[in-house]
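So this block is final.cif, mmCIF, N, CA and C atoms:
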```cif
data_my_file
loop_
_atom_site.label_atom_id
_atom_site.label_comp_id
_atom_site.auth_asym_id
_atom_site.auth_seq_id
_atom_site.Cartn_x
_atom_site.Cartn_y
_atom_site.Cartn_z
N MET A 9 71.95 162.54 -217.07
CA MET A 9 71.51 163.35 -215.93
C MET A 9 72.72 163.72 -215.08
N SER A 10 72.73 164.92 -214.61
CA SER A 10 73.85 165.45 -213.83
C SER A 10 73.72 165.07 -212.37
N ASP A 11 74.84 164.82 -211.73
CA ASP A 11 74.86 164.54 -210.29
C ASP A 11 74.97 165.81 -209.47
N SER A 12 75.05 166.95 -210.14
CA SER A 12 75.18 168.20 -209.40
C SER A 12 73.87 168.55 -208.73
N PRO A 13 73.94 169.25 -207.60
CA PRO A 13 72.72 169.60 -206.89
C PRO A 13 71.84 170.51 -207.73
N VAL A 14 70.56 170.41 -207.51
CA VAL A 14 69.59 171.24 -208.20
C VAL A 14 69.82 172.68 -207.75
N SER A 15 69.75 173.58 -208.70
CA SER A 15 69.94 175.00 -208.39
C SER A 15 68.95 175.42 -207.32
N GLY A 16 69.44 176.04 -206.28
CA GLY A 16 68.58 176.49 -205.21
C GLY A 16 68.33 175.44 -204.14
N ALA A 17 68.81 174.22 -204.35
CA ALA A 17 68.62 173.16 -203.36
C ALA A 17 69.46 173.47 -202.13
N VAL A 18 68.90 173.21 -200.98
CA VAL A 18 69.61 173.46 -199.73
C VAL A 18 70.52 172.28 -199.43
N ILE A 19 71.78 172.56 -199.23
CA ILE A 19 72.74 171.53 -198.85
C ILE A 19 72.83 171.53 -197.33
N THR A 20 72.54 170.40 -196.76
CA THR A 20 72.60 170.24 -195.31
C THR A 20 73.76 169.32 -194.97
N PRO A 21 74.13 169.24 -193.70
CA PRO A 21 75.22 168.32 -193.35
C PRO A 21 74.93 166.87 -193.77
N TYR A 22 73.69 166.43 -193.65
CA TYR A 22 73.37 165.05 -194.03
C TYR A 22 73.41 164.87 -195.55
N THR A 23 72.86 165.82 -196.30
CA THR A 23 72.91 165.68 -197.76
C THR A 23 74.36 165.79 -198.24
N ALA A 24 75.17 166.60 -197.58
CA ALA A 24 76.59 166.67 -197.93
C ALA A 24 77.27 165.33 -197.67
N PHE A 25 76.93 164.70 -196.55
CA PHE A 25 77.45 163.36 -196.23
C PHE A 25 77.08 162.38 -197.34
N LEU A 26 75.81 162.40 -197.74
CA LEU A 26 75.36 161.49 -198.80
C LEU A 26 76.07 161.77 -200.11
N ASP A 27 76.20 163.05 -200.45
CA ASP A 27 76.89 163.44 -201.69
C ASP A 27 78.36 163.01 -201.66
N ASP A 28 79.01 163.20 -200.51
CA ASP A 28 80.43 162.85 -200.40
C ASP A 28 80.67 161.35 -200.56
N LEU A 29 79.69 160.54 -200.17
CA LEU A 29 79.84 159.09 -200.32
C LEU A 29 79.94 158.72 -201.80
N GLY A 30 79.14 159.38 -202.61
CA GLY A 30 79.16 159.09 -204.03
C GLY A 30 78.51 157.76 -204.40
N ARG A 31 77.82 157.18 -203.47
CA ARG A 31 77.13 155.90 -203.67
C ARG A 31 76.02 155.80 -202.64
N GLU A 32 75.21 154.78 -202.75
CA GLU A 32 74.17 154.59 -201.75
C GLU A 32 74.82 154.21 -200.41
N PRO A 33 74.40 154.86 -199.34
CA PRO A 33 75.00 154.53 -198.04
C PRO A 33 74.49 153.18 -197.53
N SER A 34 75.20 152.66 -196.59
CA SER A 34 74.73 151.45 -195.92
C SER A 34 73.89 151.87 -194.71
N ALA A 35 73.15 150.93 -194.19
CA ALA A 35 72.37 151.21 -192.98
C ALA A 35 73.31 151.63 -191.85
N ALA A 36 74.44 150.95 -191.73
CA ALA A 36 75.39 151.27 -190.66
C ALA A 36 75.94 152.68 -190.80
N GLU A 37 76.20 153.12 -192.03
CA GLU A 37 76.72 154.48 -192.24
C GLU A 37 75.68 155.53 -191.86
N CYS A 38 74.42 155.28 -192.21
CA CYS A 38 73.36 156.23 -191.84
C CYS A 38 73.19 156.28 -190.33
N GLU A 39 73.20 155.12 -189.71
CA GLU A 39 73.04 155.07 -188.26
C GLU A 39 74.22 155.73 -187.56
N ARG A 40 75.41 155.51 -188.08
CA ARG A 40 76.61 156.14 -187.50
C ARG A 40 76.52 157.66 -187.63
N TRP A 41 76.05 158.17 -188.80
CA TRP A 41 75.91 159.61 -188.98
C TRP A 41 74.96 160.16 -187.91
N ALA A 42 73.85 159.48 -187.69
CA ALA A 42 72.88 159.93 -186.68
C ALA A 42 73.51 159.95 -185.29
N ARG A 43 74.27 158.91 -184.99
CA ARG A 43 74.92 158.81 -183.67
C ARG A 43 75.96 159.92 -183.49
N GLU A 44 76.67 160.27 -184.56
CA GLU A 44 77.71 161.29 -184.49
C GLU A 44 77.17 162.71 -184.55
N HIS A 45 75.88 162.86 -184.84
CA HIS A 45 75.26 164.19 -184.95
C HIS A 45 73.99 164.28 -184.11
N PRO A 46 74.13 163.97 -182.81
CA PRO A 46 72.93 164.02 -181.96
C PRO A 46 72.35 165.43 -181.93
N GLY A 47 71.06 165.51 -182.05
CA GLY A 47 70.39 166.81 -182.01
C GLY A 47 70.36 167.54 -183.34
N ALA A 48 71.05 167.01 -184.35
CA ALA A 48 71.00 167.64 -185.68
C ALA A 48 69.60 167.50 -186.25
N PRO A 49 69.13 168.51 -186.99
CA PRO A 49 67.78 168.43 -187.54
C PRO A 49 67.54 167.19 -188.41
N GLU A 50 68.60 166.68 -189.03
CA GLU A 50 68.44 165.51 -189.90
C GLU A 50 68.79 164.18 -189.22
N GLU A 51 68.99 164.20 -187.93
CA GLU A 51 69.22 162.95 -187.22
C GLU A 51 68.10 161.95 -187.47
N PRO A 52 66.81 162.38 -187.38
CA PRO A 52 65.75 161.40 -187.64
C PRO A 52 65.73 160.94 -189.10
N ARG A 53 66.11 161.80 -190.03
CA ARG A 53 66.16 161.37 -191.43
C ARG A 53 67.19 160.27 -191.61
N ALA A 54 68.34 160.42 -190.97
CA ALA A 54 69.39 159.40 -191.07
C ALA A 54 68.90 158.08 -190.47
N LEU A 55 68.16 158.16 -189.36
CA LEU A 55 67.62 156.95 -188.75
C LEU A 55 66.58 156.29 -189.64
N VAL A 56 65.74 157.11 -190.29
CA VAL A 56 64.75 156.55 -191.23
C VAL A 56 65.46 155.87 -192.39
N ASP A 57 66.46 156.52 -192.95
CA ASP A 57 67.23 155.89 -194.03
C ASP A 57 67.85 154.58 -193.56
N ALA A 58 68.45 154.61 -192.38
CA ALA A 58 69.04 153.38 -191.83
C ALA A 58 67.98 152.30 -191.68
N GLY A 59 66.79 152.70 -191.25
CA GLY A 59 65.70 151.74 -191.11
C GLY A 59 65.32 151.09 -192.43
N TRP A 60 65.18 151.89 -193.48
CA TRP A 60 64.81 151.32 -194.78
C TRP A 60 65.91 150.43 -195.34
N PHE A 61 67.18 150.83 -195.18
CA PHE A 61 68.27 149.98 -195.67
C PHE A 61 68.34 148.68 -194.86
N THR A 62 68.07 148.76 -193.58
CA THR A 62 68.07 147.57 -192.73
C THR A 62 66.92 146.65 -193.14
N ALA A 63 65.75 147.22 -193.38
CA ALA A 63 64.59 146.43 -193.80
C ALA A 63 64.86 145.74 -195.13
N ARG A 64 65.51 146.47 -196.03
CA ARG A 64 65.84 145.90 -197.33
C ARG A 64 66.68 144.64 -197.17
N GLY A 65 67.48 144.59 -196.11
CA GLY A 65 68.31 143.42 -195.83
C GLY A 65 67.57 142.32 -195.09
N GLY A 66 66.26 142.51 -194.86
CA GLY A 66 65.45 141.49 -194.20
C GLY A 66 65.55 141.47 -192.69
N ARG A 67 66.19 142.48 -192.11
CA ARG A 67 66.34 142.55 -190.65
C ARG A 67 65.23 143.45 -190.10
N HIS A 68 64.01 142.91 -190.08
CA HIS A 68 62.82 143.69 -189.78
C HIS A 68 62.74 144.18 -188.34
N GLU A 69 63.16 143.37 -187.39
CA GLU A 69 63.14 143.82 -185.98
C GLU A 69 64.10 144.98 -185.77
N GLU A 70 65.29 144.89 -186.37
CA GLU A 70 66.26 145.99 -186.25
C GLU A 70 65.73 147.25 -186.92
N ALA A 71 65.11 147.08 -188.09
CA ALA A 71 64.53 148.22 -188.81
C ALA A 71 63.43 148.86 -187.97
N LEU A 72 62.60 148.03 -187.36
CA LEU A 72 61.51 148.53 -186.51
C LEU A 72 62.08 149.37 -185.36
N ALA A 73 63.15 148.91 -184.77
CA ALA A 73 63.78 149.66 -183.66
C ALA A 73 64.31 151.02 -184.16
N LEU A 74 64.89 151.05 -185.34
CA LEU A 74 65.39 152.32 -185.90
C LEU A 74 64.24 153.28 -186.18
N PHE A 75 63.16 152.76 -186.76
CA PHE A 75 62.00 153.62 -187.04
C PHE A 75 61.40 154.13 -185.73
N ARG A 76 61.36 153.31 -184.71
CA ARG A 76 60.80 153.76 -183.43
C ARG A 76 61.66 154.85 -182.80
N ARG A 77 62.96 154.76 -182.98
CA ARG A 77 63.84 155.85 -182.49
C ARG A 77 63.54 157.14 -183.24
N ALA A 78 63.37 157.04 -184.55
CA ALA A 78 63.14 158.22 -185.38
C ALA A 78 61.79 158.86 -185.11
N VAL A 79 60.78 158.06 -184.81
CA VAL A 79 59.43 158.60 -184.60
C VAL A 79 59.39 159.52 -183.39
N GLU A 80 60.29 159.31 -182.44
CA GLU A 80 60.32 160.14 -181.23
C GLU A 80 60.62 161.60 -181.54
N PHE A 81 61.21 161.88 -182.70
CA PHE A 81 61.54 163.25 -183.08
C PHE A 81 60.32 164.02 -183.59
N GLY A 82 59.29 163.28 -183.99
CA GLY A 82 58.09 163.92 -184.54
C GLY A 82 58.37 164.56 -185.88
N GLY A 83 57.49 165.42 -186.31
CA GLY A 83 57.66 166.15 -187.56
C GLY A 83 57.62 165.25 -188.78
N GLU A 84 58.09 165.80 -189.89
CA GLU A 84 58.04 165.10 -191.17
C GLU A 84 58.77 163.77 -191.13
N PHE A 85 59.98 163.74 -190.58
CA PHE A 85 60.75 162.49 -190.54
C PHE A 85 60.12 161.50 -189.57
N GLY A 86 59.48 162.02 -188.52
CA GLY A 86 58.76 161.15 -187.60
C GLY A 86 57.59 160.46 -188.29
N ARG A 87 56.92 161.18 -189.19
CA ARG A 87 55.83 160.56 -189.95
C ARG A 87 56.39 159.55 -190.94
N ASP A 88 57.52 159.85 -191.55
CA ASP A 88 58.18 158.86 -192.41
C ASP A 88 58.49 157.59 -191.62
N ALA A 89 58.94 157.78 -190.40
CA ALA A 89 59.25 156.64 -189.54
C ALA A 89 58.00 155.84 -189.21
N GLN A 90 56.88 156.53 -189.03
CA GLN A 90 55.63 155.82 -188.74
C GLN A 90 55.23 154.92 -189.91
N VAL A 91 55.45 155.39 -191.13
CA VAL A 91 55.19 154.56 -192.30
C VAL A 91 56.08 153.32 -192.25
N GLY A 92 57.35 153.52 -191.90
CA GLY A 92 58.27 152.40 -191.77
C GLY A 92 57.85 151.42 -190.70
N ILE A 93 57.32 151.92 -189.61
CA ILE A 93 56.84 151.04 -188.54
C ILE A 93 55.72 150.17 -189.05
N VAL A 94 54.75 150.77 -189.75
CA VAL A 94 53.64 149.98 -190.29
C VAL A 94 54.17 148.91 -191.23
N ASP A 95 55.09 149.29 -192.11
CA ASP A 95 55.66 148.33 -193.06
C ASP A 95 56.34 147.17 -192.35
N GLN A 96 57.14 147.48 -191.34
CA GLN A 96 57.86 146.42 -190.65
C GLN A 96 56.92 145.51 -189.85
N LEU A 97 55.90 146.10 -189.26
CA LEU A 97 54.95 145.27 -188.51
C LEU A 97 54.24 144.30 -189.43
N TYR A 98 53.86 144.74 -190.62
CA TYR A 98 53.26 143.81 -191.58
C TYR A 98 54.28 142.76 -192.01
N ALA A 99 55.53 143.16 -192.24
CA ALA A 99 56.56 142.20 -192.63
C ALA A 99 56.78 141.14 -191.55
N LEU A 100 56.59 141.55 -190.30
CA LEU A 100 56.76 140.63 -189.16
C LEU A 100 55.47 139.87 -188.84
N ARG A 101 54.45 140.06 -189.69
CA ARG A 101 53.14 139.41 -189.52
C ARG A 101 52.47 139.78 -188.20
N ARG A 102 52.62 141.05 -187.85
CA ARG A 102 51.99 141.59 -186.64
C ARG A 102 50.92 142.59 -187.07
N GLY A 103 49.91 142.03 -187.78
CA GLY A 103 48.88 142.84 -188.41
C GLY A 103 48.10 143.74 -187.49
N GLN A 104 47.73 143.25 -186.32
CA GLN A 104 46.95 144.08 -185.39
C GLN A 104 47.76 145.31 -184.96
N GLU A 105 49.03 145.12 -184.65
CA GLU A 105 49.88 146.24 -184.28
C GLU A 105 50.05 147.21 -185.45
N ALA A 106 50.16 146.65 -186.66
CA ALA A 106 50.30 147.48 -187.86
C ALA A 106 49.05 148.35 -188.05
N GLU A 107 47.89 147.75 -187.85
CA GLU A 107 46.65 148.51 -187.99
C GLU A 107 46.56 149.61 -186.94
N GLU A 108 46.97 149.32 -185.72
CA GLU A 108 46.98 150.33 -184.66
C GLU A 108 47.93 151.47 -185.02
N ALA A 109 49.10 151.12 -185.57
CA ALA A 109 50.09 152.13 -185.94
C ALA A 109 49.58 153.01 -187.09
N GLN A 110 48.90 152.40 -188.05
CA GLN A 110 48.38 153.22 -189.15
C GLN A 110 47.22 154.10 -188.69
N ARG A 111 46.41 153.62 -187.75
CA ARG A 111 45.34 154.46 -187.20
C ARG A 111 45.93 155.65 -186.45
N ALA A 112 47.00 155.43 -185.70
CA ALA A 112 47.65 156.52 -184.96
C ALA A 112 48.23 157.55 -185.92
N LEU A 113 48.85 157.10 -187.00
CA LEU A 113 49.39 158.02 -188.00
C LEU A 113 48.27 158.81 -188.66
N ARG A 114 47.21 158.13 -189.00
CA ARG A 114 46.08 158.82 -189.65
C ARG A 114 45.47 159.85 -188.72
N ALA A 115 45.33 159.52 -187.44
CA ALA A 115 44.78 160.47 -186.46
C ALA A 115 45.69 161.69 -186.35
N GLU A 116 46.99 161.47 -186.35
CA GLU A 116 47.95 162.59 -186.29
C GLU A 116 47.79 163.49 -187.51
N LEU A 117 47.69 162.89 -188.68
CA LEU A 117 47.54 163.67 -189.91
C LEU A 117 46.22 164.42 -189.94
N ASP A 118 45.16 163.78 -189.47
CA ASP A 118 43.83 164.41 -189.47
C ASP A 118 43.73 165.55 -188.46
N ALA A 119 44.56 165.52 -187.42
CA ALA A 119 44.48 166.51 -186.34
C ALA A 119 45.23 167.80 -186.64
N GLN A 120 45.95 167.85 -187.74
CA GLN A 120 46.76 169.03 -188.04
C GLN A 120 46.36 169.58 -189.41
N PRO A 121 46.67 170.85 -189.65
CA PRO A 121 46.40 171.41 -190.98
C PRO A 121 47.19 170.64 -192.03
N ALA A 122 46.55 170.37 -193.16
CA ALA A 122 47.20 169.62 -194.23
C ALA A 122 48.37 170.40 -194.81
N LYS A 123 49.45 169.68 -195.09
CA LYS A 123 50.63 170.26 -195.72
C LYS A 123 50.91 169.47 -196.99
N PHE A 124 51.58 170.10 -197.92
CA PHE A 124 51.92 169.43 -199.17
C PHE A 124 52.75 168.17 -198.91
N THR A 125 53.67 168.23 -197.95
CA THR A 125 54.53 167.07 -197.66
C THR A 125 53.72 165.88 -197.15
N ASP A 126 52.53 166.14 -196.59
CA ASP A 126 51.71 165.04 -196.10
C ASP A 126 51.21 164.16 -197.23
N LEU A 127 51.08 164.70 -198.43
CA LEU A 127 50.64 163.89 -199.57
C LEU A 127 51.57 162.72 -199.80
N ARG A 128 52.86 162.96 -199.59
CA ARG A 128 53.84 161.88 -199.75
C ARG A 128 53.61 160.78 -198.74
N ILE A 129 53.22 161.15 -197.53
CA ILE A 129 52.95 160.15 -196.49
C ILE A 129 51.75 159.30 -196.90
N PHE A 130 50.70 159.94 -197.41
CA PHE A 130 49.54 159.18 -197.88
C PHE A 130 49.95 158.23 -199.00
N ASP A 131 50.74 158.72 -199.94
CA ASP A 131 51.22 157.89 -201.05
C ASP A 131 52.05 156.71 -200.54
N ASP A 132 52.95 156.99 -199.61
CA ASP A 132 53.79 155.92 -199.05
C ASP A 132 52.94 154.88 -198.33
N MET A 133 51.92 155.34 -197.61
CA MET A 133 51.05 154.38 -196.91
C MET A 133 50.28 153.51 -197.90
N VAL A 134 49.82 154.10 -198.99
CA VAL A 134 49.13 153.32 -200.02
C VAL A 134 50.07 152.23 -200.54
N GLU A 135 51.31 152.58 -200.80
CA GLU A 135 52.28 151.61 -201.30
C GLU A 135 52.54 150.50 -200.28
N VAL A 136 52.75 150.88 -199.02
CA VAL A 136 53.02 149.89 -197.97
C VAL A 136 51.83 148.94 -197.81
N LEU A 137 50.64 149.50 -197.77
CA LEU A 137 49.44 148.68 -197.57
C LEU A 137 49.16 147.79 -198.77
N THR A 138 49.41 148.29 -199.96
CA THR A 138 49.22 147.47 -201.16
C THR A 138 50.17 146.29 -201.14
N GLU A 139 51.44 146.56 -200.82
CA GLU A 139 52.43 145.48 -200.76
C GLU A 139 52.10 144.47 -199.67
N ALA A 140 51.44 144.92 -198.60
CA ALA A 140 51.07 144.02 -197.50
C ALA A 140 49.79 143.26 -197.80
N GLY A 141 49.17 143.55 -198.95
CA GLY A 141 47.94 142.87 -199.30
C GLY A 141 46.71 143.45 -198.62
N GLU A 142 46.84 144.66 -198.10
CA GLU A 142 45.75 145.33 -197.40
C GLU A 142 45.07 146.33 -198.34
N SER A 143 44.41 145.79 -199.37
CA SER A 143 43.84 146.61 -200.44
C SER A 143 42.79 147.60 -199.96
N GLU A 144 41.91 147.16 -199.07
CA GLU A 144 40.86 148.06 -198.58
C GLU A 144 41.45 149.24 -197.82
N SER A 145 42.40 148.95 -196.96
CA SER A 145 43.07 150.03 -196.22
C SER A 145 43.82 150.95 -197.16
N ALA A 146 44.49 150.37 -198.17
CA ALA A 146 45.21 151.19 -199.14
C ALA A 146 44.26 152.12 -199.88
N LEU A 147 43.09 151.62 -200.24
CA LEU A 147 42.11 152.45 -200.93
C LEU A 147 41.64 153.61 -200.05
N LYS A 148 41.43 153.33 -198.76
CA LYS A 148 41.02 154.38 -197.83
C LYS A 148 42.08 155.47 -197.73
N TRP A 149 43.35 155.08 -197.66
CA TRP A 149 44.44 156.05 -197.59
C TRP A 149 44.53 156.84 -198.90
N CYS A 150 44.30 156.16 -200.01
CA CYS A 150 44.34 156.83 -201.31
C CYS A 150 43.24 157.88 -201.39
N GLU A 151 42.05 157.51 -201.00
CA GLU A 151 40.92 158.44 -201.03
C GLU A 151 41.14 159.62 -200.08
N ALA A 152 41.72 159.35 -198.93
CA ALA A 152 41.96 160.41 -197.94
C ALA A 152 43.02 161.39 -198.42
N GLY A 153 44.01 160.87 -199.17
CA GLY A 153 45.07 161.73 -199.67
C GLY A 153 44.56 162.67 -200.72
#
```
Translate the structure of the given file into structure tokens.
Amino acid sequence: MSDSPVSGAVITPYTAFLDDLGREPSAAECERWAREHPGAPEEPRALVDAGWFTARGGRHEEALALFRRAVEFGGEFGRDAQVGIVDQLYALRRGQEAEEAQRALRAELDAQPAKFTDLRIFDDMVEVLTEAGESESALKWCEAG
């Protein structure tokens, strides 16, 4: 498989940063990119990436803080961040807060016209809830998607 960009793919400053690294970035690198590019359209994406890399390292409170920063931007990356928040709350054994966060995300999705990108959010929520042992909730998200 080629590492070259897909024909017609849009190269953005953040994707160029990722490509230039030539390897998976660290959480610190993603967070630094976000800090150095305030107001950039992909600032929340960098924060979400930093959140997932931080979570992978077992630093759930730090990851939660990164996802909460990203959610403030709203939009697609804000919804990605909401999925991360639910995941981290379950990892921290804060189930009631996780349930509240997933209800808020679901209400946001239900209140707007459906978009193709929203299917990914439903899929991600099913994965997060399944991993958290919340089978009934995962099934509801699967059916809704």
Problem set entry | Picked residues, the PyMOL selection byres ((chain A and resi 34) around 8), as a ChimeraX atom specification | /A:31-33,35-40,57-59,61-62
Give me a file of those residues, with N, CA and C atoms, as a short mmCIF file (atom, residue, chain, number, x, y, z; two decimals), keeping the file's coordinate frame.
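Wrote it out as again-v7.cif, contents follow:
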```cif
data_model
loop_
_atom_site.label_atom_id
_atom_site.label_comp_id
_atom_site.auth_asym_id
_atom_site.auth_seq_id
_atom_site.Cartn_x
_atom_site.Cartn_y
_atom_site.Cartn_z
N ARG A 31 77.82 157.18 -203.47
CA ARG A 31 77.13 155.90 -203.67
C ARG A 31 76.02 155.80 -202.64
N GLU A 32 75.21 154.78 -202.75
CA GLU A 32 74.17 154.59 -201.75
C GLU A 32 74.82 154.21 -200.41
N PRO A 33 74.40 154.86 -199.34
CA PRO A 33 75.00 154.53 -198.04
C PRO A 33 74.49 153.18 -197.53
N ALA A 35 73.15 150.93 -194.19
CA ALA A 35 72.37 151.21 -192.98
C ALA A 35 73.31 151.63 -191.85
N ALA A 36 74.44 150.95 -191.73
CA ALA A 36 75.39 151.27 -190.66
C ALA A 36 75.94 152.68 -190.80
N GLU A 37 76.20 153.12 -192.03
CA GLU A 37 76.72 154.48 -192.24
C GLU A 37 75.68 155.53 -191.86
N CYS A 38 74.42 155.28 -192.21
CA CYS A 38 73.36 156.23 -191.84
C CYS A 38 73.19 156.28 -190.33
N GLU A 39 73.20 155.12 -189.71
CA GLU A 39 73.04 155.07 -188.26
C GLU A 39 74.22 155.73 -187.56
N ARG A 40 75.41 155.51 -188.08
CA ARG A 40 76.61 156.14 -187.50
C ARG A 40 76.52 157.66 -187.63
N ASP A 57 66.46 156.52 -192.95
CA ASP A 57 67.23 155.89 -194.03
C ASP A 57 67.85 154.58 -193.56
N ALA A 58 68.45 154.61 -192.38
CA ALA A 58 69.04 153.38 -191.83
C ALA A 58 67.98 152.30 -191.68
N GLY A 59 66.79 152.70 -191.25
CA GLY A 59 65.70 151.74 -191.11
C GLY A 59 65.32 151.09 -192.43
N PHE A 61 67.18 150.83 -195.18
CA PHE A 61 68.27 149.98 -195.67
C PHE A 61 68.34 148.68 -194.86
N THR A 62 68.07 148.76 -193.58
CA THR A 62 68.07 147.57 -192.73
C THR A 62 66.92 146.65 -193.14
#
```
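With distances taken over only N, CA and C atoms, A:Arg77 is the one residue among A:Arg114, A:Arg77, A:Lys148, A:Arg101 lying closest to A:Pro52.
For the pair atom CA of A:Leu127 and atom C of A:Gly153, the interatomic distance is 6.3 Å.
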Stretch 41-60 of chain A, all listed atoms, 8 Å padding on each side: what axis-aligned box centre and edge lengths in Å to one decimal come out, as lines of an AutoDock Vina configuration file?
```
center_x = 71.2
center_y = 159.5
center_z = -188.6
size_x = 29.0
size_y = 34.1
size_z = 29.4
```
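Checking A:Ala99, A:Asp118, A:Gln104, A:Asp126 one by one against A:Gly141, counting only C-alpha atoms, you find the shortest gap at A:Ala99.
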